[in-house]
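Let me begin by presenting the structure, written as structure tokens, before commenting on it.
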Amino acid sequence: MEITEKTQASHKIELLARLISSDASFLTLREKILFHKFLLTDDEGKTFESEEDFAARLLSLTITSISLVVKRVFPRAKWNPSEALKKVRLSQRIMEVQGIKSTCCLDSDFPAMLREMKDPPFMLFYRGNLEILKRHCVSVVGTRRAFPEALKAASDFSKAACDDGFCVISGLAFGIDAASHKGALLSQNSATCAVLPSGIDIITPHSHTRLAAKILEKDGLIISEYLPGTPSVQFRYVQRNRIVAALSPATLVVQAQSGSGAMITADLALGYNREVFFHQECFVREVPGKVGASEASSPRSFVEAGAKVISCWQEFKRELYGE
């Protein structure tokens with residue numbers, strides 16, 4: 001093979017190994033790193049020269065083989081190498097066709113804030129400008145059923161944050177999330193990142209496809225830890241929330257009810273040693289809590305435990321930085 005062909009083959013094999021490792025949900029991050037390294041060489045320690053050789057080796061692996069690599073037994077884990085290879089090859093094709101990029105925890109451009117997590121993703125898939133995560137970031141979250149006043153508060157806060165050079169992180173959901181992204185887009189210094197609970201090729205919710213396009217048009221960013229082609233299911237929303245919480249040193253809850261996803265994000269942020277703030281709209285017009293939700297998961301309980309309440313961007317900045 002020509003050098004360029006060898007290089008192309010090497011890059012494709014590296015991506016396949018990363019995709020396989022990333023999708024092995026029964027492995028911890030440390031184990032995924034070990035598995036990824038193992039996948040790149042044959043039994044003699046030589047690197048693969050073709051995708052066919054890589055695939056043949058992969059198809060020979062059993063769950064016992066993986067257990068020996070990571071030194072842990074998996075009594076309940078399901079591993080089907082044929083299905084795994086089929087899935088990642090589909091993801092690879094989607095990435096090529098749609099121009100989806102990726103970064104890995106092994107790469108220098110992997111977001112620094114995520115390295116501080118207890119459970120960071122092995123890979124991130126993205127469209128747009130990854131560099132905006134090098135700005136100071138603030139995560140803005142809240143209920144899907146927000147009052148108009150809270151939607152305006154989220155928009156105003158996010159625009160002001162971008163005007164001041166920050167990047168606004170949210171989840172592209174209905175309500176506060178969408179208002180936050182839209183507010184950021186109003187700034188002449190716009191920078192906003194949407195984190196998806198699905199593969200990056202599946203905008204969730206679908207009705208926010210145009211909003212996602214506007215984010216990209218204004219040099220923003222859309223990211224996901226899930227392989228392209230992965231649908232959104234309930235548990236992935238909580239998984240997504242942990243990335244929203246971890247990407248910023250502070251999370252603002254604009255309006256939320258007890259037991260909601262926004263309050264889960266606030267709790268996750270505290271677990272990552274991040275600051276949590278509440279907008280006064282949380283208390284001016286309170287949203288009834290979810291049935292059966294613990295009072296300990298309410299905005300008031302967080303404030304009683306020491307979280308600060310703010311009314312605008314300048315108050316937030318003053319509380320966070322003393323400016």
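Just so we're on the same page: first chain in the structure tokens is A, next is B, and so on; residues restart at 1 for each chain, and ligands are numbered from 1 in the order they show up.
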Inset, instruction - List the neighbours of Leu90 (chain A) out to 9 Å using only C-alpha atoms; skip same-chain residues closer than 5 positions along the sequence, and give me the result as JSON, numbers by chain. - result: {"A": [85, 95, 228, 229]}
Residues from the last selection, N, CA, C and O atoms, saved as a JSON list (two decimals), in the first residue's frame:
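Written output follows (part_6.json):
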[["chain", "number", "residue", "atom", "x", "y", "z"],
["A", 85, "LEU", "N", -19.61, -4.73, 15.57],
["A", 85, "LEU", "CA", -18.92, -4.27, 14.36],
["A", 85, "LEU", "C", -19.90, -3.65, 13.37],
["A", 85, "LEU", "O", -19.61, -2.62, 12.75],
["A", 95, "MET", "N", -20.86, 9.32, 10.13],
["A", 95, "MET", "CA", -19.88, 10.37, 10.40],
["A", 95, "MET", "C", -19.26, 10.88, 9.10],
["A", 95, "MET", "O", -19.09, 12.09, 8.92],
["A", 228, "PRO", "N", -23.23, 8.04, 16.58],
["A", 228, "PRO", "CA", -24.25, 8.43, 15.60],
["A", 228, "PRO", "C", -25.16, 7.25, 15.30],
["A", 228, "PRO", "O", -24.71, 6.11, 15.18],
["A", 229, "GLY", "N", -26.45, 7.53, 15.19],
["A", 229, "GLY", "CA", -27.44, 6.49, 14.98],
["A", 229, "GLY", "C", -28.12, 6.03, 16.25],
["A", 229, "GLY", "O", -29.07, 5.25, 16.20]]
Contacts between region 135-146 of chain A and region 193-243 of chain A, please, where a residue of region 193-243 of chain A counts if it comes within 12 Å (with only C-alpha atoms); show its shortest atom pair and distance in Å to one decimal, rows by chain and ascending number, as CSV.
residue,atom,partner,partner_atom,distance
A:Cys193,CA,A:Ser139,CA,9.3
A:Ala194,CA,A:Ser139,CA,10.1
A:Val195,CA,A:Ser139,CA,10.7
A:Pro205,CA,A:Arg144,CA,11.6
A:Gly220,CA,A:Arg135,CA,12.0
A:Asn241,CA,A:Val141,CA,9.4
A:Arg242,CA,A:Ser139,CA,11.0
A:Ile243,CA,A:Ser139,CA,9.9
Take the selection from the previous step and output its residues with C-alpha atoms, as a short mmCIF file (atom, residue, chain, number, x, y, z; two decimals), in the first residue's frame.
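selection-v3.cif was written with the following content:
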data_model
loop_
_atom_site.label_atom_id
_atom_site.label_comp_id
_atom_site.auth_asym_id
_atom_site.auth_seq_id
_atom_site.Cartn_x
_atom_site.Cartn_y
_atom_site.Cartn_z
CA CYS A 193 -23.28 24.48 23.11
CA ALA A 194 -26.18 22.01 22.98
CA VAL A 195 -25.69 18.57 24.55
CA PRO A 205 -36.41 17.07 20.04
CA GLY A 220 -21.77 27.24 18.03
CA ASN A 241 -27.43 16.13 32.13
CA ARG A 242 -24.18 15.09 33.78
CA ILE A 243 -22.24 16.51 30.82
#
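Among the candidates A:Ala246, A:Ala173, A:Ala179, A:Leu270, the residue lying nearest to Ser158 (chain A) is A:Ala179 (atoms considered: only C-alpha atoms).
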Legend entry - Å distance separating CA of Ser311 (chain A) from CA of Phe278 (chain A), one decimal place: 8.5 Å
Legend entry - Contact residues around Leu151 (chain A) with only C-alpha atoms at 9 Å, ignoring same-chain residues under 2 positions, as a ChimeraX atom specification: /A:146-149,153-156,175-180,254-255
